[in-house]
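This report concerns only the one structure given below.
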Amino acid sequence: MVTYIDAIREAQERLLREDDRVFLYGQDISSFGGAFKATKGLAEAFPNRVFDCPISEDAMVGLAVGAAIEGMRPIIEMQFADFSSIAFNQIVNQAATHFYRTGMPIPITIRLPSGGTPGSGPFHSQSMEGIYAQYPGLVVVTPATVSDAYHMLIDSVKLDDPVLYCEHKFLYRWLKSKAINGDHLPIGQARIARPGKHATVVTYSAMVHEAVRAADRLQADGYEIEVVDLRSVKPLDLDTVLASVARTGRLLALGEAFPWGGVTAEVVAKVTEEGFHLLDAPPQRLNARDTPVPYHPKLWAAHRPTPESICDALRKLLSF
Amino acid sequence: MPNVEEKTSNHIVPADGDFLRSAFRSMLKARILENKLSSLYKAGKIVGGVYLGRGQEAISASLGTALIQGRDCFAPLIRDQAGRTAFGEPLIDCTRTYLGSVEGPMRGRDGNIHRGRPEMGMPAMISHLGAQVPLIAGMLFAKRLKGTLAGCVGATSVGDGATSTGAFHEGLNLAAVENLPMVVVVANNQFAYSTPNSRQFACADLVDRAKGYGIGGFSVDGTDLMACASVVGEAVRLAREGGGPQMVVAHLLRLGGHGEHDDGSYVPEAARSGHYGRDCIEVAMRQLVEGGFATADEILGWQDEIAEDVQKAVAQAQQEPVPDPYREDWTALSTRFPVSRT
Amino acid sequence: MPQLGESIAEATVIRLDVAVGDSVKTDQEIIEVETNKAVMGVTTLCDGVVSEMRAVEGVSYSVGSLLGLLEVTEEEVVRTGVDTVESLEAKKDSQSGRKDKGEENLHFALDGDSYEEDPSIIPSVKGLPVPTGVMGAHYISPRMRARMNDLGIREADISAVVGTGAGGRVTVEDLERFIDYLEDWPSVAASPMRLAVADAMRRSWTRPLATVGLPVLLDRVLDHRRAQDPKPGLTLYLLRALALALTEQPMTAGYLIGEKVIHPRSFDIGVAVQVEDGVVVPTVRRVDRKSLSELIAEYDDLVDRARRRRLTEEDSKGGIATVTNFGTFGLTTGTPIPLPNETLILGIGAGKKKPVWSDEVEAFIPATEAELMLTFDHRVVDGGGAGVLLKRVAALLQKPESL
């Protein structure tokens, strides 16, 4: 069995092996193997390629951009996505604008352990894909499966542009697969995680699994719910989303991030703009609540969408 | 402010005539070019703001001259025209960027002092001060991984204001931890926009921070070209030979406003008439002539030649087309994604 | 098995430090486990005696699994506040719907599988905006509208469809079912003429139309006509009478657009001509300016071309009212519908011999009577105005030589 975090580690191992330009930079990632063990054993297998750095997220990303200018392909591990806000300036102003301003692309990959786990609290749970997607010049990917975790990390490093790789902490060890698939979709293409015909749920990352659980429950009532896994939030595969809404006529955009704006709002806006005539009901969104992510597991469980709340939202959508 | 007698170079290195002549020419180029920019600004020809380095030419030119283009990397900041010129940036880059020519290095997408040529080892700054410190550290770090670091130096200059930023602190600390050959020149011109030193830092002298980072620290009279050449040359040499990061704090006065839109009326008269308020170009001219490194006539010749070059660069840039929004490809990514519409 | 770190899903027991029957103290490490990150000790919450040990060395257990049980005194329960098997059972019964996962975790408060939570805590989801006052087919979603466009269906056509959506609205599924249902019925494609008439009538019908009627004696007209060569059609007499009546009250043919009533400039009046599968309405121009005999040629030509479907677009444009003779179908009364761009239509039914009271001879005399019907847009014209117009037309028809 391969877990989601195993896939991330294996992808990095392959990258270090196949491309001399790749190096890893982050806190506690060398002999300790990383806070989540995403880099376990890599420092030993690849001497002088995996480095422990001081608690300086701004400098980490600044260093990555400078290294990219010199032709390297650094992977920066943020210990938690939440800490990337310290590096916000370097990400959105230095890395994201560089190609537009100078014509030289910046091939850096920043790994953001994202999303909540029970007890993780407000500063170890954030989902920041919406914020980074807002800025032109960044690619934002959100793998939901073990295979995607592997292949999309490799694809991200291969891209010449800066990539925010949003890996979901809950899925690290909870999500297991027998093996990593050989074939995979390119970044920018969504996949149908579950085919259906009565309503479409468009989502990404851990919420794909919650949506599938909700769909299974609704199947008992005779509803076939289609779940679209965006895989990458930017670029966003509107074609697949519209094709799904063409089939079902009803849309629920689902995400774990805060409710104002973000990925779900972008999906609804785009579908309404370009697929208005496909909608038989007003498009809906389901996000976390408009508060910081709570610490206590009981509060946390009510803060983010769950199969229950997803079913609730879908039922309302289906009965319109 | 430190006592003048204490602050002339602590490392006396014999003056190198070629270095001084070369640095002085860069200073002249910067001053003449920037005077021209100031006129153009007041004539309404400049797109956006104009930020000049009057008063900082000596320290900036010293840094640029000490660096070796093609091997070293240099991230200039706002008032580094002299350093840029010394490092090899063509004059036309400056006039094109200020006058909005689409042929400039930034192609109209960024302007004034946000220009650079990363492929030449001279990255383009962003407005957030301090951000270039870790960037240069990264360039050096990459060279080390590639095995090409030996004999290289990376440099950036910051003002007194930038030393307050988190990025400055993180970048310098990281460069020290990684033991990179980085030289950071802190041009303490006593004012960050309108903010005096007393509201910027509480330590006695910015060079005291070097000890805190575990790096080399130097202090120099920024108005004195010979002192700057000596100290900066020494700092660059130490870094190049593996001595780790070096901080050079130059004491001077900003001789203009923060930008040409600002008159700097908050700068007290005492500062202007004090030691550090003197014009480094006048000082350098005296030093060159008295030291026998150049004659007054030669210098006049240089001035004429430079004025002519500047005029040509301005004229050419003014003739060139401005960016055409209908010809722009309007993409910020180098990758073309086929499936998506984002 | 406790949650010994974020994202830890399981741990391996590497050493059991106690066995069944052993006494343990509070905060004693009794089982050594290894996670991906570290080696740690599972710790007791209270004093007690090990009554059951389910954990086996070398085996991995997921977070939340039961590793063993302690026997604990009542005083100890009170002192430490721990949950016991019994107290947890009691809690379970009192909370409705708490799912039993088969593996209870009795020592630690955290559920192993965090997907299941108490269904009484369901986050609020804003309801969908069901349009207020939705009744029947009045709310049409964008997808419905697009589908209706595809099929050439109008709202009126689906009034028979029962809606299963919110507020009884017709959903796309309802529409598709209805279309399928109609597949079984015999049908024929509607001709373009039929569709054109359907469209015009539908658009006209959006206004409040009313009809008033008046019997008119036709004998004078019939006598006059007999003496003419060529003979003008009966409808032509009506045309002239209407035109002259309208010149006296042109506001009766006014057309309402927004807050303005547009009055006619030129008295061009249409004639309804029945053709195969529909009706066409050629327009006779400036009827007020030409006498009956002057109009015959133009009128006959228009009617002839209408019948042969040789009318141009220009021929049917610009009328301010229409005249129709449904008497030719044998009908005596009718409520004709004006064209969508006109306020009035004047119709006449078949003439019938009837006894009519004559004031002159104070007796009933035989006369030919027909019903004159005027349908009008009641937003522009009221019964009074219609009555005045109709009476004038009837009066003019008693003096056919003046037409």
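Identifiers for the structure tokens are assigned positionally: chains receive A, B, ... in sequence, residues are indexed from 1 per chain, and ligands are indexed from 1 in the order shown.
The residue set within 12 Å of A:Ser85, counting only C-alpha atoms and dropping same-chain residues fewer than 6 places from it, reads Ser56, Glu57, Asp58, Val61, Met78, Gln79, Ile91, Val92, Leu112, Phe123, Gln126, Ser127, Met128, Glu129, Ile131 and Tyr132 of chain A.
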(request) Apply DSSP to the backbone of this structure and, from stretch 160-306 of chain A, keep only the residues in strand (DSSP E); write these as JSON, numbers by chain. (result) {"A": [163, 164, 165, 166, 167, 168, 176, 177, 191, 192, 193, 194, 199, 200, 201, 202, 203, 225, 226, 227, 228, 229, 232, 233, 234, 251, 252, 253, 254, 284, 285, 286]}
For the residues in that selection, give me N, CA and C atoms as a JSON list (two decimals), in the first residue's frame.
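Contents of the output file selection22.json:
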[["chain", "number", "residue", "atom", "x", "y", "z"],
["A", 163, "VAL", "N", 5.09, 27.13, -8.91],
["A", 163, "VAL", "CA", 3.94, 26.30, -8.59],
["A", 163, "VAL", "C", 3.73, 26.24, -7.09],
["A", 164, "LEU", "N", 2.48, 26.46, -6.65],
["A", 164, "LEU", "CA", 2.12, 26.21, -5.25],
["A", 164, "LEU", "C", 1.48, 24.81, -5.23],
["A", 165, "TYR", "N", 2.16, 23.88, -4.62],
["A", 165, "TYR", "CA", 1.68, 22.50, -4.60],
["A", 165, "TYR", "C", 0.98, 22.31, -3.25],
["A", 166, "CYS", "N", -0.34, 22.28, -3.27],
["A", 166, "CYS", "CA", -1.11, 22.24, -2.01],
["A", 166, "CYS", "C", -1.44, 20.80, -1.67],
["A", 167, "GLU", "N", -0.64, 20.21, -0.79],
["A", 167, "GLU", "CA", -0.87, 18.82, -0.39],
["A", 167, "GLU", "C", -1.73, 18.84, 0.87],
["A", 168, "HIS", "N", -2.64, 17.89, 1.00],
["A", 168, "HIS", "CA", -3.57, 17.93, 2.13],
["A", 168, "HIS", "C", -3.10, 17.04, 3.26],
["A", 176, "LYS", "N", -4.79, 5.82, 1.18],
["A", 176, "LYS", "CA", -3.87, 4.78, 0.74],
["A", 176, "LYS", "C", -4.34, 4.24, -0.59],
["A", 177, "SER", "N", -3.39, 3.75, -1.34],
["A", 177, "SER", "CA", -3.73, 3.17, -2.63],
["A", 177, "SER", "C", -2.85, 1.95, -2.83],
["A", 191, "ARG", "N", -10.66, 15.73, -13.50],
["A", 191, "ARG", "CA", -11.14, 14.38, -13.81],
["A", 191, "ARG", "C", -12.48, 14.15, -13.13],
["A", 192, "ILE", "N", -13.26, 13.23, -13.70],
["A", 192, "ILE", "CA", -14.54, 12.88, -13.10],
["A", 192, "ILE", "C", -14.27, 11.80, -12.05],
["A", 193, "ALA", "N", -14.36, 12.19, -10.78],
["A", 193, "ALA", "CA", -14.08, 11.22, -9.72],
["A", 193, "ALA", "C", -15.22, 10.24, -9.57],
["A", 194, "ARG", "N", -16.40, 10.70, -9.92],
["A", 194, "ARG", "CA", -17.57, 9.83, -9.80],
["A", 194, "ARG", "C", -18.59, 10.30, -10.83],
["A", 199, "ALA", "N", -26.80, 15.95, -10.42],
["A", 199, "ALA", "CA", -26.17, 17.19, -9.97],
["A", 199, "ALA", "C", -24.66, 17.01, -10.06],
["A", 200, "THR", "N", -23.96, 18.13, -10.18],
["A", 200, "THR", "CA", -22.49, 18.10, -10.26],
["A", 200, "THR", "C", -21.90, 18.75, -9.02],
["A", 201, "VAL", "N", -20.93, 18.08, -8.40],
["A", 201, "VAL", "CA", -20.16, 18.72, -7.33],
["A", 201, "VAL", "C", -18.78, 18.97, -7.90],
["A", 202, "VAL", "N", -18.36, 20.23, -7.90],
["A", 202, "VAL", "CA", -17.00, 20.55, -8.37],
["A", 202, "VAL", "C", -16.16, 20.84, -7.14],
["A", 203, "THR", "N", -15.09, 20.12, -6.96],
["A", 203, "THR", "CA", -14.28, 20.30, -5.76],
["A", 203, "THR", "C", -12.85, 19.85, -6.00],
["A", 225, "ILE", "N", -24.98, 11.48, -8.27],
["A", 225, "ILE", "CA", -24.27, 12.76, -8.17],
["A", 225, "ILE", "C", -22.91, 12.63, -8.85],
["A", 226, "GLU", "N", -22.60, 13.56, -9.72],
["A", 226, "GLU", "CA", -21.31, 13.54, -10.40],
["A", 226, "GLU", "C", -20.33, 14.40, -9.62],
["A", 227, "VAL", "N", -19.12, 13.88, -9.40],
["A", 227, "VAL", "CA", -18.10, 14.64, -8.66],
["A", 227, "VAL", "C", -16.93, 14.93, -9.61],
["A", 228, "VAL", "N", -16.61, 16.22, -9.75],
["A", 228, "VAL", "CA", -15.48, 16.62, -10.58],
["A", 228, "VAL", "C", -14.33, 17.02, -9.68],
["A", 229, "ASP", "N", -13.18, 16.37, -9.87],
["A", 229, "ASP", "CA", -11.97, 16.71, -9.11],
["A", 229, "ASP", "C", -11.16, 17.66, -9.98],
["A", 232, "SER", "N", -6.15, 20.81, -10.49],
["A", 232, "SER", "CA", -5.41, 22.07, -10.40],
["A", 232, "SER", "C", -6.43, 23.19, -10.35],
["A", 233, "VAL", "N", -6.20, 24.11, -9.42],
["A", 233, "VAL", "CA", -7.13, 25.19, -9.21],
["A", 233, "VAL", "C", -6.81, 26.34, -10.17],
["A", 234, "LYS", "N", -5.54, 26.44, -10.51],
["A", 234, "LYS", "CA", -5.14, 27.41, -11.52],
["A", 234, "LYS", "C", -3.99, 26.80, -12.29],
["A", 251, "LEU", "N", -25.35, 22.63, -10.05],
["A", 251, "LEU", "CA", -23.96, 22.74, -9.65],
["A", 251, "LEU", "C", -23.81, 23.08, -8.18],
["A", 252, "LEU", "N", -22.93, 22.33, -7.51],
["A", 252, "LEU", "CA", -22.51, 22.70, -6.16],
["A", 252, "LEU", "C", -20.99, 22.80, -6.20],
["A", 253, "ALA", "N", -20.45, 23.99, -5.92],
["A", 253, "ALA", "CA", -19.00, 24.16, -5.85],
["A", 253, "ALA", "C", -18.61, 24.01, -4.38],
["A", 254, "LEU", "N", -17.72, 23.08, -4.11],
["A", 254, "LEU", "CA", -17.41, 22.69, -2.73],
["A", 254, "LEU", "C", -15.94, 22.90, -2.44],
["A", 284, "GLN", "N", -24.72, 26.69, -6.47],
["A", 284, "GLN", "CA", -24.51, 26.84, -5.03],
["A", 284, "GLN", "C", -23.04, 26.64, -4.66],
["A", 285, "ARG", "N", -22.68, 27.18, -3.50],
["A", 285, "ARG", "CA", -21.34, 26.97, -2.97],
["A", 285, "ARG", "C", -21.44, 26.45, -1.56],
["A", 286, "LEU", "N", -20.49, 25.62, -1.18],
["A", 286, "LEU", "CA", -20.40, 25.18, 0.20],
["A", 286, "LEU", "C", -18.94, 25.27, 0.59]]
(request) Tell me the residues of chain A close to chain C, meaning within 8 Å using only C-alpha atoms, as a PyMOL selection string. (result) chain A and resi 36-37+117-118+120+169-174+249+276-282+284+286+298+301-303+305-309+312-313+316-317+319-320
(request) Please provide as a ChimeraX atom specification all residues within 12 Å of B:Ile299, with the sequence filter that same-chain residues fewer than 5 positions apart are discarded (counting only C-alpha atoms). (result) /B:21-22,24-25,27-29,281-282,284-286,288-289,293-294,304-306
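Each of C:Ser291, C:Leu45, C:Ala210, C:Ser23 was compared to C:Gly81 using only C-alpha atoms, and C:Leu45 turns out to be the nearest.
Atom CA of C:Thr335 is positioned 14.2 Å from atom CA of C:Pro215.
Excluding A:Ile5 itself and any same-chain residue fewer than 2 positions from it, the protein and nucleic acid residues within 7 Å of it, counting only C-alpha atoms, are Thr3, Ala7, Ile8, Arg9, Ala38, Tyr172 and Arg173 of chain A.
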Restricted to C-alpha atoms, what would the selected residues look like written as a compact mmCIF listing (two decimals), in the first residue's frame?
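What landed in again_4.txt:
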# COMPACT_ATOMS: atom_id res chain seq x y z
CA THR A 3 0.05 6.43 1.22
CA ALA A 7 3.83 9.26 -3.02
CA ILE A 8 5.14 12.74 -2.25
CA ARG A 9 8.36 11.32 -0.89
CA ALA A 38 7.86 13.79 3.52
CA TYR A 172 -1.10 12.10 4.18
CA ARG A 173 -1.65 8.81 5.95
(message) Show me, as JSON, numbers by chain, every residue of chain A with an atom at most 6 Å from chain B, counting only C-alpha atoms.
(response) {"A": [56, 59, 62, 63, 64, 66, 67, 70, 100, 101, 102, 136, 137, 188, 235, 236, 237]}
Preceding selection exported with C-alpha atoms as a JSON list (two decimals), in the first residue's frame:
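Just written: part-v5.json:
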[["chain", "number", "residue", "atom", "x", "y", "z"],
["A", 56, "SER", "CA", 12.82, 32.38, 7.52],
["A", 59, "ALA", "CA", 14.32, 34.27, 2.79],
["A", 62, "GLY", "CA", 13.79, 34.68, -2.00],
["A", 63, "LEU", "CA", 16.60, 32.16, -2.09],
["A", 64, "ALA", "CA", 14.55, 29.88, -4.30],
["A", 66, "GLY", "CA", 17.60, 33.58, -6.89],
["A", 67, "ALA", "CA", 18.52, 29.93, -7.37],
["A", 70, "GLU", "CA", 20.77, 30.66, -11.82],
["A", 100, "TYR", "CA", 6.02, 39.01, -16.89],
["A", 101, "ARG", "CA", 8.53, 41.73, -16.03],
["A", 102, "THR", "CA", 11.79, 40.24, -17.25],
["A", 136, "PRO", "CA", -1.20, 36.21, -12.12],
["A", 137, "GLY", "CA", 1.95, 34.25, -12.77],
["A", 188, "GLY", "CA", -4.79, 21.81, -16.10],
["A", 235, "PRO", "CA", -5.32, 26.67, -14.42],
["A", 236, "LEU", "CA", -8.93, 25.67, -13.89],
["A", 237, "ASP", "CA", -10.43, 23.20, -16.36]]
(message) Give me, as a VMD selection string, all polymer residues having an atom no more than 9 Å from C:Leu339, counting only C-alpha atoms and skipping those fewer than 5 positions away in the same chain.
(response) chain C and resid 200 to 201 203 to 204 281 321 to 322 344 to 345
Prev. selection, N, CA and C atoms, output as a compact mmCIF listing (two decimals), in the first residue's frame:
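This is the output file out-v1.txt:
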# COMPACT_ATOMS: atom_id res chain seq x y z
N ALA C 200 -48.23 35.62 -34.46
CA ALA C 200 -48.91 36.91 -34.46
C ALA C 200 -50.07 36.91 -33.46
N MET C 201 -50.82 35.86 -33.41
CA MET C 201 -51.97 35.80 -32.51
C MET C 201 -51.53 35.77 -31.06
N ARG C 203 -48.78 37.07 -29.89
CA ARG C 203 -48.30 38.38 -29.49
C ARG C 203 -49.44 39.35 -29.30
N SER C 204 -50.46 39.21 -30.16
CA SER C 204 -51.61 40.11 -30.03
C SER C 204 -52.35 39.87 -28.73
N VAL C 281 -52.88 39.50 -44.46
CA VAL C 281 -53.59 40.78 -44.35
C VAL C 281 -52.89 41.84 -45.20
N ALA C 321 -55.54 49.51 -38.84
CA ALA C 321 -56.67 48.69 -38.40
C ALA C 321 -56.92 47.64 -39.48
N THR C 322 -57.73 46.66 -39.18
CA THR C 322 -58.01 45.60 -40.17
C THR C 322 -59.52 45.37 -40.25
N LEU C 344 -57.31 47.90 -33.43
CA LEU C 344 -58.70 47.61 -33.81
C LEU C 344 -58.80 46.54 -34.89
N ILE C 345 -59.88 45.76 -34.83
CA ILE C 345 -60.27 44.96 -35.99
C ILE C 345 -61.80 45.00 -36.08
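Minimum atom-to-atom distances from B:Ile78, B:Leu91, B:Ile32, B:Ile215 to B:Tyr193 were compared using only C-alpha atoms, and the lowest value belongs to B:Ile78.
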